[in-house]
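S.K.: Dropping in entry00.tsv, which is TSV, C-alpha atoms:
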```tsv
chain	number	residue	atom	x	y	z
A	1018	MET	CA	-203.81	83.68	21.67
A	1019	ALA	CA	-203.88	80.43	23.63
A	1020	LEU	CA	-206.43	77.79	22.73
A	1021	LYS	CA	-208.76	76.55	25.45
A	1022	GLY	CA	-209.96	72.95	25.42
A	1023	LYS	CA	-208.94	69.34	25.97
A	1024	MET	CA	-205.79	67.62	24.77
A	1025	VAL	CA	-205.26	64.10	23.46
A	1026	ILE	CA	-201.93	62.34	23.66
A	1027	GLY	CA	-201.04	59.02	22.04
A	1028	GLN	CA	-198.07	56.77	21.31
A	1029	SER	CA	-197.27	55.12	18.01
A	1030	GLY	CA	-194.73	52.77	16.42
A	1031	GLY	CA	-192.06	50.70	18.09
A	1032	PRO	CA	-191.81	51.26	21.86
A	1033	THR	CA	-188.59	52.45	23.52
A	1034	ALA	CA	-187.10	52.41	27.00
A	1035	VAL	CA	-187.93	56.10	27.52
A	1036	ILE	CA	-191.09	56.78	25.52
A	1037	ASN	CA	-193.09	57.01	28.76
A	1038	GLN	CA	-190.79	59.79	29.95
A	1039	SER	CA	-192.12	61.86	27.06
A	1040	LEU	CA	-195.69	60.90	27.93
A	1041	VAL	CA	-195.31	61.85	31.58
A	1042	GLY	CA	-193.37	65.02	30.74
A	1043	ALA	CA	-196.26	66.15	28.56
A	1044	VAL	CA	-198.95	65.19	31.10
A	1045	LEU	CA	-197.27	66.95	34.02
A	1046	ALA	CA	-196.72	70.07	31.91
A	1047	ALA	CA	-200.36	70.01	30.79
A	1048	ARG	CA	-201.60	69.81	34.37
A	1049	LYS	CA	-200.04	73.23	34.98
A	1050	GLN	CA	-201.87	74.83	32.05
A	1051	SER	CA	-205.28	76.33	32.82
A	1052	ASP	CA	-206.08	76.49	29.10
A	1053	ILE	CA	-205.95	72.69	28.91
A	1054	THR	CA	-209.29	71.62	30.36
A	1055	GLY	CA	-208.82	67.86	30.13
A	1056	ILE	CA	-206.07	65.34	29.37
A	1057	LEU	CA	-207.10	62.27	27.40
A	1058	GLY	CA	-204.69	59.40	26.77
A	1059	ALA	CA	-205.51	57.43	23.62
A	1060	HIS	CA	-205.19	53.66	23.93
A	1061	HIS	CA	-203.11	52.40	21.00
A	1062	GLY	CA	-202.71	55.77	19.33
A	1063	ILE	CA	-204.79	56.62	16.28
A	1064	ALA	CA	-206.67	53.31	16.48
A	1065	GLY	CA	-207.91	54.21	19.96
A	1066	ILE	CA	-208.87	57.75	18.97
A	1067	MET	CA	-211.08	56.46	16.16
A	1068	LYS	CA	-212.88	54.23	18.70
A	1069	GLU	CA	-212.96	57.01	21.33
A	1070	ASP	CA	-211.00	54.71	23.63
A	1071	PHE	CA	-209.50	57.17	26.10
A	1072	ILE	CA	-208.11	57.17	29.63
A	1073	ASP	CA	-208.37	60.23	31.87
A	1074	LEU	CA	-204.82	61.33	32.70
A	1075	THR	CA	-205.77	63.88	35.35
A	1076	THR	CA	-206.42	61.47	38.22
A	1077	GLN	CA	-203.07	59.72	38.74
A	1078	SER	CA	-200.71	60.92	41.46
A	1079	ASP	CA	-197.29	62.27	40.54
A	1080	GLU	CA	-195.78	59.19	42.20
A	1081	GLU	CA	-197.82	56.87	39.99
A	1082	LEU	CA	-196.81	58.79	36.89
A	1083	GLU	CA	-193.13	58.69	37.80
A	1084	ILE	CA	-193.28	54.90	38.04
A	1085	VAL	CA	-194.82	54.83	34.56
A	1086	ALA	CA	-192.14	57.22	33.29
A	1087	ALA	CA	-189.39	54.85	34.41
A	1088	THR	CA	-191.13	51.84	32.84
A	1089	PRO	CA	-190.09	50.81	29.29
A	1090	ALA	CA	-192.47	50.40	26.31
A	1091	ALA	CA	-195.65	52.35	25.60
A	1092	GLY	CA	-197.75	52.89	28.72
A	1093	LEU	CA	-200.83	53.76	26.67
A	1094	GLY	CA	-200.22	50.98	24.17
A	1095	SER	CA	-198.85	51.59	20.70
A	1096	VAL	CA	-200.09	50.96	17.16
A	1097	ARG	CA	-198.75	50.04	13.74
A	1098	LEU	CA	-201.22	51.99	11.63
A	1099	LYS	CA	-200.46	54.35	8.80
A	1100	PRO	CA	-203.80	56.13	8.40
A	1101	GLY	CA	-205.05	57.60	5.17
A	1102	ARG	CA	-207.17	60.69	4.84
A	1103	ALA	CA	-210.40	58.82	5.67
A	1104	GLU	CA	-208.99	57.61	9.00
A	1105	CYS	CA	-207.65	61.06	9.79
A	1106	GLU	CA	-211.06	62.56	9.05
A	1107	ARG	CA	-212.57	60.19	11.62
A	1108	VAL	CA	-209.91	61.28	14.14
A	1109	PHE	CA	-210.74	64.91	13.46
A	1110	GLU	CA	-214.46	64.21	14.00
A	1111	VAL	CA	-213.68	62.70	17.40
A	1112	PHE	CA	-211.55	65.70	18.32
A	1113	LYS	CA	-214.34	68.12	17.48
A	1114	LYS	CA	-216.88	66.02	19.38
A	1115	HIS	CA	-214.77	66.12	22.56
A	1116	ASP	CA	-213.66	69.75	22.15
A	1117	VAL	CA	-210.04	68.69	21.72
A	1118	ARG	CA	-207.82	71.63	20.85
A	1119	TYR	CA	-204.42	70.04	21.33
A	1120	PHE	CA	-203.06	66.78	19.91
A	1121	PHE	CA	-199.67	65.38	20.92
A	1122	TYR	CA	-198.46	62.31	19.04
A	1123	ILE	CA	-195.33	60.52	20.22
A	1124	GLY	CA	-193.71	58.57	17.42
A	1125	GLY	CA	-191.45	58.47	14.38
A	1126	ASN	CA	-191.72	59.91	10.89
A	1127	ASP	CA	-194.99	58.12	10.06
A	1128	SER	CA	-196.51	59.57	13.24
A	1129	ALA	CA	-195.26	63.00	12.19
A	1130	GLU	CA	-197.02	62.51	8.85
A	1131	THR	CA	-200.28	61.63	10.62
A	1132	ALA	CA	-199.94	64.74	12.81
A	1133	HIS	CA	-199.27	66.83	9.69
A	1134	ILE	CA	-202.40	65.56	7.91
A	1135	ILE	CA	-204.57	66.32	10.94
A	1136	ALA	CA	-203.03	69.77	11.32
A	1137	GLU	CA	-203.83	70.56	7.68
A	1138	MET	CA	-207.42	69.37	8.15
A	1139	ALA	CA	-207.86	71.71	11.10
A	1140	LYS	CA	-206.55	74.59	9.02
A	1141	GLU	CA	-208.92	73.78	6.15
A	1142	ALA	CA	-211.88	73.63	8.56
A	1143	ASN	CA	-210.87	76.85	10.34
A	1144	TYR	CA	-210.88	74.87	13.58
A	1145	ASP	CA	-208.66	76.36	16.27
A	1146	PHE	CA	-206.31	73.50	16.94
A	1147	CYS	CA	-202.63	72.69	17.56
A	1148	THR	CA	-200.86	69.47	16.64
A	1149	ILE	CA	-197.45	68.65	18.06
A	1150	HIS	CA	-195.31	65.66	17.12
A	1151	ILE	CA	-193.10	64.44	19.96
A	1152	PRO	CA	-190.13	62.47	18.56
A	1153	LYS	CA	-189.09	58.92	19.45
A	1154	THR	CA	-187.37	56.10	17.64
A	1155	ILE	CA	-184.52	53.74	18.40
A	1156	ASP	CA	-183.59	53.95	14.70
A	1157	ASN	CA	-182.42	57.57	15.18
A	1158	ASP	CA	-183.55	58.35	11.63
A	1159	LEU	CA	-185.78	61.43	12.07
A	1160	ARG	CA	-184.75	64.46	10.05
A	1161	VAL	CA	-183.72	67.83	11.49
A	1162	THR	CA	-183.11	66.68	15.08
A	1163	ASP	CA	-179.56	65.92	16.24
A	1164	HIS	CA	-180.79	62.61	17.63
A	1165	CYS	CA	-184.01	60.91	18.71
A	1166	PRO	CA	-185.24	60.03	22.21
A	1167	GLY	CA	-185.13	56.26	22.57
A	1168	PHE	CA	-182.00	55.81	20.47
A	1169	ALA	CA	-179.36	56.32	23.16
A	1170	SER	CA	-180.87	53.72	25.52
A	1171	ALA	CA	-181.16	51.15	22.73
A	1172	ALA	CA	-177.61	52.03	21.67
A	1173	LYS	CA	-176.42	51.46	25.24
A	1174	PHE	CA	-178.10	48.04	25.25
A	1175	VAL	CA	-176.38	47.12	21.99
A	1176	ALA	CA	-172.99	48.34	23.24
A	1177	LEU	CA	-173.30	46.42	26.52
A	1178	ALA	CA	-174.45	43.28	24.72
A	1179	PHE	CA	-171.42	43.44	22.42
A	1180	MET	CA	-169.14	44.16	25.36
A	1181	GLY	CA	-170.25	40.98	27.10
A	1182	ASP	CA	-170.28	38.98	23.88
A	1183	ASP	CA	-166.75	40.12	23.08
A	1184	ARG	CA	-165.51	38.76	26.43
A	1185	ASP	CA	-167.32	35.49	25.68
A	1186	ASN	CA	-165.68	35.34	22.26
A	1187	ALA	CA	-162.26	36.05	23.76
A	1188	ALA	CA	-162.71	33.13	26.16
A	1189	LEU	CA	-163.80	30.70	23.43
A	1190	ALA	CA	-162.33	32.07	20.24
A	1191	GLY	CA	-164.16	31.89	16.94
A	1192	VAL	CA	-166.44	33.98	14.77
A	1193	LYS	CA	-169.50	35.55	16.39
A	1194	ILE	CA	-172.09	37.39	14.27
A	1195	ASN	CA	-174.74	39.60	15.88
A	1196	VAL	CA	-177.62	40.94	13.79
A	1197	VAL	CA	-178.92	44.31	15.01
A	1198	MET	CA	-182.11	46.23	14.16
A	1199	GLY	CA	-181.80	48.74	11.33
A	1200	ARG	CA	-183.83	48.50	8.14
A	1201	ASP	CA	-182.45	51.50	6.26
A	1202	ALA	CA	-180.24	53.24	8.81
A	1203	GLY	CA	-177.25	51.81	10.65
A	1204	PHE	CA	-177.19	54.00	13.77
A	1205	LEU	CA	-177.99	51.18	16.17
A	1206	THR	CA	-175.52	48.75	14.62
A	1207	ALA	CA	-172.83	51.42	14.63
A	1208	ALA	CA	-173.45	51.85	18.38
A	1209	SER	CA	-171.77	48.47	18.90
A	1210	ALA	CA	-168.43	50.27	18.52
A	1211	MET	CA	-168.98	51.72	22.01
A	1212	ALA	CA	-168.13	48.24	23.36
A	1213	ARG	CA	-164.45	48.70	22.52
A	1214	GLN	CA	-162.05	49.74	25.26
A	1215	ASP	CA	-158.69	48.36	24.17
A	1216	GLU	CA	-156.96	47.47	20.92
A	1217	GLY	CA	-158.30	44.15	19.68
A	1218	ASP	CA	-161.70	44.44	21.36
A	1219	GLY	CA	-164.74	43.61	19.28
A	1220	PRO	CA	-166.72	44.23	17.30
A	1221	HIS	CA	-163.95	43.83	14.75
A	1222	LEU	CA	-166.29	44.38	11.80
A	1223	ILE	CA	-169.39	46.60	11.49
A	1224	TYR	CA	-171.72	46.51	8.48
A	1225	VAL	CA	-174.56	49.03	8.00
A	1226	PRO	CA	-177.29	49.43	5.34
A	1227	GLU	CA	-175.73	52.65	4.04
A	1228	ARG	CA	-173.04	50.60	2.27
A	1229	THR	CA	-173.50	47.78	-0.25
A	1230	PHE	CA	-172.81	44.40	1.32
A	1231	ASP	CA	-170.58	42.11	-0.71
A	1232	VAL	CA	-170.49	38.51	0.52
A	1233	THR	CA	-167.07	37.78	-0.95
A	1234	GLN	CA	-165.57	40.85	0.70
A	1235	PHE	CA	-167.30	39.91	3.98
A	1236	GLN	CA	-165.62	36.51	3.88
A	1237	ALA	CA	-162.25	38.15	3.23
A	1238	ASP	CA	-162.80	40.66	6.06
A	1239	VAL	CA	-163.58	37.88	8.53
A	1240	LYS	CA	-160.53	35.88	7.53
A	1241	ALA	CA	-158.34	38.99	7.89
A	1242	ALA	CA	-159.70	39.70	11.38
A	1243	MET	CA	-159.21	36.08	12.39
A	1244	ALA	CA	-155.62	36.21	11.18
A	1245	LYS	CA	-154.96	39.41	13.11
A	1246	TYR	CA	-156.83	38.75	16.37
A	1247	GLY	CA	-157.37	34.99	16.41
A	1248	ARG	CA	-161.11	35.65	16.63
A	1249	CYS	CA	-163.78	37.90	15.11
A	1250	VAL	CA	-166.94	39.61	16.42
A	1251	VAL	CA	-169.23	41.01	13.74
A	1252	ALA	CA	-172.02	43.60	14.03
A	1253	VAL	CA	-174.39	43.65	11.07
A	1254	SER	CA	-177.60	45.54	10.39
A	1255	GLU	CA	-180.66	43.50	9.50
A	1256	GLY	CA	-181.18	45.78	6.48
A	1257	ILE	CA	-177.92	45.21	4.62
A	1258	THR	CA	-178.44	45.07	0.85
A	1259	ASN	CA	-176.58	43.62	-2.12
A	1260	ALA	CA	-175.35	45.42	-5.24
A	1261	ALA	CA	-178.87	45.28	-6.71
A	1262	GLY	CA	-180.24	47.14	-3.68
A	1263	GLU	CA	-182.11	44.07	-2.44
A	1264	PRO	CA	-182.06	42.90	1.20
A	1265	VAL	CA	-179.52	40.14	1.70
A	1266	MET	CA	-182.16	38.12	3.56
A	1267	THR	CA	-185.90	38.46	4.27
A	1268	SER	CA	-188.65	36.17	5.52
A	1269	GLY	CA	-190.86	37.08	2.54
A	1270	GLU	CA	-193.53	38.44	4.90
A	1271	ARG	CA	-194.61	42.08	5.01
A	1272	ASP	CA	-195.70	44.25	7.94
A	1273	SER	CA	-198.67	46.66	8.10
A	1274	HIS	CA	-196.60	49.32	6.32
A	1275	GLY	CA	-195.73	46.98	3.45
A	1276	ASN	CA	-192.13	46.53	4.59
A	1277	LEU	CA	-190.49	43.15	4.13
A	1278	GLN	CA	-189.74	41.39	7.41
A	1279	LEU	CA	-185.99	41.20	7.69
A	1280	SER	CA	-184.03	39.42	10.41
A	1281	GLY	CA	-186.72	38.49	12.92
A	1282	THR	CA	-186.41	34.78	12.11
A	1283	GLY	CA	-182.63	34.59	12.53
A	1284	ALA	CA	-182.28	33.76	8.84
A	1285	LEU	CA	-179.68	36.45	8.15
A	1286	GLY	CA	-177.43	35.25	10.96
A	1287	ASP	CA	-177.70	31.68	9.70
A	1288	PHE	CA	-176.94	32.80	6.14
A	1289	LEU	CA	-173.84	34.75	7.16
A	1290	SER	CA	-172.65	31.91	9.40
A	1291	GLY	CA	-172.90	29.58	6.43
A	1292	LYS	CA	-170.83	31.95	4.31
A	1293	VAL	CA	-168.09	32.08	6.97
A	1294	LYS	CA	-167.99	28.28	7.14
A	1295	GLU	CA	-167.86	28.20	3.36
A	1296	ALA	CA	-164.81	30.51	3.44
A	1297	TYR	CA	-163.10	28.06	5.81
A	1298	ALA	CA	-163.95	24.94	3.82
A	1299	GLY	CA	-161.96	22.01	5.14
A	1300	GLU	CA	-161.01	23.84	8.37
A	1301	THR	CA	-162.65	23.73	11.76
A	1302	VAL	CA	-163.77	27.18	12.87
A	1303	ARG	CA	-166.25	27.91	15.65
A	1304	VAL	CA	-169.01	30.10	14.16
A	1305	ARG	CA	-172.10	31.35	16.00
A	1306	ALA	CA	-174.81	33.93	15.30
A	1307	ASP	CA	-177.48	35.74	17.31
A	1308	THR	CA	-180.30	38.09	16.36
A	1309	PHE	CA	-180.89	40.73	19.03
A	1310	GLY	CA	-184.49	41.33	17.93
A	1311	TYR	CA	-186.91	43.27	20.12
A	1312	LEU	CA	-184.78	43.08	23.27
A	1313	GLN	CA	-183.02	46.25	22.12
A	1314	ARG	CA	-186.12	48.39	22.31
A	1315	SER	CA	-187.49	48.20	25.82
A	1316	PHE	CA	-184.98	46.59	28.15
A	1317	PRO	CA	-185.50	47.73	31.77
A	1318	THR	CA	-182.57	49.20	33.74
A	1319	ILE	CA	-180.40	49.75	30.65
A	1320	VAL	CA	-181.29	53.40	30.15
A	1321	SER	CA	-179.09	56.29	29.12
A	1322	GLU	CA	-179.37	59.16	31.61
A	1323	VAL	CA	-179.22	61.69	28.78
A	1324	ASP	CA	-181.93	59.78	26.91
A	1325	ALA	CA	-184.31	59.70	29.88
A	1326	ARG	CA	-183.76	63.39	30.58
A	1327	GLU	CA	-184.25	64.47	26.97
A	1328	ALA	CA	-187.29	62.24	26.48
A	1329	ARG	CA	-188.91	64.03	29.41
A	1330	MET	CA	-187.73	67.35	28.01
A	1331	VAL	CA	-189.34	66.95	24.57
A	1332	GLY	CA	-192.71	66.08	26.12
A	1333	ASP	CA	-192.62	69.06	28.46
A	1334	PHE	CA	-191.40	71.41	25.73
A	1335	GLY	CA	-194.08	70.30	23.26
A	1336	VAL	CA	-196.93	71.12	25.63
A	1337	ASN	CA	-195.52	74.46	26.74
A	1338	HIS	CA	-194.87	75.48	23.14
A	1339	ALA	CA	-198.38	74.50	22.05
A	1340	VAL	CA	-200.11	76.49	24.78
A	1341	ALA	CA	-197.85	79.51	24.35
A	1342	THR	CA	-198.06	79.75	20.55
A	1343	ALA	CA	-200.79	77.41	19.22
A	1344	GLU	CA	-198.36	76.72	16.34
A	1345	PRO	CA	-198.13	73.10	15.07
A	1346	GLY	CA	-194.78	71.44	14.63
A	1347	SER	CA	-192.39	68.68	15.61
A	1348	VAL	CA	-190.12	68.93	18.63
A	1349	ALA	CA	-186.43	68.54	17.76
A	1350	ILE	CA	-183.19	68.49	19.74
A	1351	ARG	CA	-180.26	70.80	19.08
A	1352	ARG	CA	-176.85	69.82	20.46
A	1353	LEU	CA	-175.19	72.85	22.02
A	1354	SER	CA	-172.00	71.12	23.19
A	1355	SER	CA	-170.57	67.61	23.26
A	1356	VAL	CA	-168.00	68.24	26.02
A	1357	PRO	CA	-169.59	68.93	28.40
A	1358	TYR	CA	-172.78	67.69	26.79
A	1359	SER	CA	-175.74	70.08	26.60
A	1360	SER	CA	-178.80	70.40	24.38
A	1361	GLU	CA	-182.02	72.32	23.88
A	1362	CYS	CA	-185.39	71.80	22.18
A	1363	PHE	CA	-186.82	73.72	19.26
A	1364	ILE	CA	-189.79	73.38	16.91
A	1365	THR	CA	-189.48	72.42	13.26
A	1366	PRO	CA	-192.40	72.32	10.78
A	1367	LEU	CA	-194.19	68.97	10.63
A	1368	SER	CA	-193.49	68.79	6.90
A	1369	THR	CA	-189.73	68.62	7.57
A	1370	VAL	CA	-190.07	65.42	9.62
A	1371	ALA	CA	-193.12	63.69	8.13
A	1372	ARG	CA	-192.65	60.51	6.11
A	1373	GLU	CA	-189.01	60.89	5.04
A	1374	ALA	CA	-186.13	59.54	7.11
A	1375	THR	CA	-182.41	60.14	7.35
A	1376	GLU	CA	-179.42	57.81	7.56
A	1377	LEU	CA	-175.92	57.45	8.96
A	1378	LYS	CA	-173.67	60.19	7.57
A	1379	GLY	CA	-170.86	59.15	5.28
A	1380	GLU	CA	-168.29	60.70	7.62
A	1381	TYR	CA	-169.30	58.14	10.27
A	1382	ILE	CA	-168.42	55.10	8.10
A	1383	ASN	CA	-164.87	54.06	7.24
A	1384	GLU	CA	-163.66	53.89	3.65
A	1385	ALA	CA	-163.76	50.09	3.55
A	1386	GLY	CA	-167.40	50.08	4.64
A	1387	ASN	CA	-166.77	47.61	7.46
A	1388	ASP	CA	-166.34	49.90	10.49
A	1389	VAL	CA	-167.09	53.34	11.90
A	1390	THR	CA	-164.89	56.41	12.33
A	1391	GLN	CA	-163.79	58.51	15.30
A	1392	ALA	CA	-166.35	61.13	14.24
A	1393	TRP	CA	-169.08	58.59	15.05
A	1394	ILE	CA	-167.60	57.83	18.46
A	1395	ASP	CA	-167.47	61.57	19.21
A	1396	TYR	CA	-171.15	61.90	18.23
A	1397	ILE	CA	-172.54	58.97	20.20
A	1398	SER	CA	-170.35	58.89	23.31
A	1399	PRO	CA	-172.09	61.67	25.29
A	1400	LEU	CA	-175.51	60.19	24.45
A	1401	VAL	CA	-174.76	56.66	25.67
A	1402	GLY	CA	-172.74	57.76	28.67
A	1403	GLU	CA	-170.09	55.95	30.68
A	1404	MET	CA	-169.57	52.25	30.01
A	1405	PRO	CA	-168.35	49.69	32.59
A	1406	LYS	CA	-164.65	48.82	32.59
A	1407	MET	CA	-163.83	45.24	31.62
A	1408	GLY	CA	-161.08	43.48	33.58
A	1409	LYS	CA	-158.59	41.34	31.67
A	1410	LEU	CA	-155.94	38.86	32.78
A	1411	TYR	CA	-153.38	39.28	30.00
```
Go ahead and express the file in the form of structure tokens.
M.R.:
Amino acid sequence: MALKGKMVIGQSGGPTAVINQSLVGAVLAARKQSDITGILGAHHGIAGIMKEDFIDLTTQSDEELEIVAATPAAGLGSVRLKPGRAECERVFEVFKKHDVRYFFYIGGNDSAETAHIIAEMAKEANYDFCTIHIPKTIDNDLRVTDHCPGFASAAKFVALAFMGDDRDNAALAGVKINVVMGRDAGFLTAASAMARQDEGDGPHLIYVPERTFDVTQFQADVKAAMAKYGRCVVAVSEGITNAAGEPVMTSGERDSHGNLQLSGTGALGDFLSGKVKEAYAGETVRVRADTFGYLQRSFPTIVSEVDAREARMVGDFGVNHAVATAEPGSVAIRRLSSVPYSSECFITPLSTVAREATELKGEYINEAGNDVTQAWIDYISPLVGEMPKMGKLY
């Protein structure tokens, strides 16, 4: 039996280029449901709910919403808050006060955990309620789903950035190191391989957190690439770790989740540049490093068509599922075919997505641990879509 009452929707965690597609997909679907009597958007996710800071999402025109959908970052504002039971109890109190029967939370695995806690509270209180987690993360590290909305657009940004940087490096040869987001999972760094079109194109080396990073081997890899190509472009995840399992470089600061800040200061790029220069002691080699930072997350115009479509799809699917079944869960994507590409949504229990994350499969990383395999290219290519062709005068 369908639940009748208001819904609340919020956004959490790092923004993406398509997170608002999910928001608008859910809102437009909800407007068609007579059992949803009101649509409340929470400013800054859970933090806004606790303060009863809502915006009415029933008054905007479809045209206004479509502009929001095509705008990167979180239209409602996001939050870095990992609530405990006390905070979730406050959220539940607000929901009961406003006769909220549906809660849609757009976010990663921590957001799925929050949704799971609230769903369990509703069950304990015998309160008719449905909680749906709508997936998003550029890290692509949610369990169960084939991939995550937000990843493909960020991956396309990374690939395009490396494509341009590779042409720059070919014009003025040397070693170029680019540090890419990825604390524990190397999906985004591995996406740099999409920049390659011809033999000899960079990145020539790719390092991800799923493999131990050895500085001495890194130096040898760079020298080998330089000997072969006369230049070297390197993609490296900010979360690479040494043999002891410790990050190669951190700022020493911690975020609201207790995680060490990694490459935001550019320290890792500087460290690796220094190691390359050390390997070429006595020789003159042009070495540069960049840290991509937050530009990867919400860059306008660089959006994967598949990503935008699926981000809208998971929002729409989540609302329709909730009203039809009143069963809590997390929306996931199932790949039906890679060529031609097709996919569908399904619901997985919140407990299968909450808290824990996944990582790059071993089959996607080469034996030497410094590149990706064809299996990875086959996986990511239909998600990123067609890349521009680079002209070359040689």
S.K.: Residues proximal to (-198.9, 66.5, 15.1) were defined as those with any atom within 12 Å of that point in the file's coordinates, counting all atoms listed in the file. Which are they, as a PyMOL selection string?
M.R.: chain A and resi 1024-1029+1063+1105+1118-1139+1146-1152+1335-1336+1339+1343-1348+1364-1368+1370-1371
S.K.: Skipping near chain neighbours, those fewer than 6 positions away, what residues fall within 9 Å of Phe1174 (chain A) using only C-alpha atoms, listed as a list of chain:residue names?
M.R.: A:Ser1209, A:Leu1312, A:Gln1313, A:Arg1314, A:Phe1316, A:Ile1319, A:Val1320
S.K.: Using all atoms listed in the file, determine which residues lie at most 12 Å from region 1303-1309 of chain A, disregarding the query and same-chain residues fewer than 2 positions distant; provide the list as a count of residues only.
M.R.: 60
S.K.: How far is it from CA of Arg1200 (chain A) to CA of Ile1257 (chain A), in Å with one decimal?
M.R.: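 Between CA of Arg1200 (chain A) and CA of Ile1257 (chain A) the gap is 7.6 Å.
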S.K.: Which residues are close to region 1357-1359 of chain A, i.e. within 9 Å by all atoms listed in the file, leaving aside same-chain residues fewer than 3 positions away? Reply as a PyMOL selection string.
M.R.: chain A and resi 1351-1354+1399-1400
S.K.: Residues of the last selection are to be written out with C-alpha atoms, as a PDB file, in the coordinates of the input.
M.R.:
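See selection.pdb below for the written result:
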```pdb
ATOM      1  CA  ARG A1351    -180.260  70.800  19.080  1.00  0.00           C
ATOM      2  CA  ARG A1352    -176.850  69.820  20.460  1.00  0.00           C
ATOM      3  CA  LEU A1353    -175.190  72.850  22.020  1.00  0.00           C
ATOM      4  CA  SER A1354    -172.000  71.120  23.190  1.00  0.00           C
ATOM      5  CA  PRO A1399    -172.090  61.670  25.290  1.00  0.00           C
ATOM      6  CA  LEU A1400    -175.510  60.190  24.450  1.00  0.00           C
TER       7      LEU A1400
END
```
S.K.: Any idea what the distance is between CA of Pro1226 (chain A) and CA of Arg1160 (chain A)?
M.R.: 17.4 Å
S.K.: With only C-alpha atoms as the atoms that count, which of A:Asn1387, A:Glu1376, A:Lys1173, A:Tyr1396 lies nearest to Leu1159 (chain A)?
M.R.: A:Glu1376
S.K.: With 3 Å on each side, where is the centre of the axis-aligned box around all listed atoms of region 1019-1022 of chain A, and how long are its edges in Å to one decimal, as JSON?
M.R.:
```
{"center_x": -206.9, "center_y": 76.7, "center_z": 24.1, "size_x": 12.1, "size_y": 13.5, "size_z": 8.7}
```
S.K.: Kindly give the distance, in Å, that separates CA of Lys1114 (chain A) and CA of Val1340 (chain A), rounded to a single decimal.
M.R.: 20.5 Å
S.K.: Could you name the residues that touch region 1096-1100 of chain A at 6 Å or less, counting all atoms listed in the file, but leaving out those on the same chain fewer than 6 positions away, as a list in words?
M.R.: Ser1029, Gly1030, His1061 and Gly1062 of chain A
S.K.: So that I can see what lies close to region 1033-1035 of chain A, please list as a list in words the residues with an atom at most 7 Å from it, counting all atoms listed in the file and leaving out residues fewer than 2 positions away in the same chain.
M.R.: Gly1031, Asn1037, Gln1038, Pro1089, Ala1090, Ile1155, Gly1167, Ser1170, Arg1314, Ser1315, Phe1316, Pro1317, Val1320, Ala1325 and Ala1328 of chain A
S.K.: For Ala1392 (chain A), which residue out of A:Leu1093, A:Ala1207, A:Ala1188, A:Leu1045 is the nearest one, using all atoms listed in the file?
M.R.: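 Ranked by minimum distance to Ala1392 (chain A), first place goes to A:Ala1207.
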S.K.: So, counting all atoms listed in the file, which residue among A:Asp1215, A:Val1108, A:Ala1210, A:Thr1054 is closest to Gly1408 (chain A)?
M.R.: A:Asp1215
S.K.: Which one is closest to Lys1023 (chain A): A:Ser1039, A:Asn1383, A:Ser1051, A:Thr1375? Count only C-alpha atoms.
M.R.: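 Smallest distance to Lys1023 (chain A) is found for A:Ser1051.
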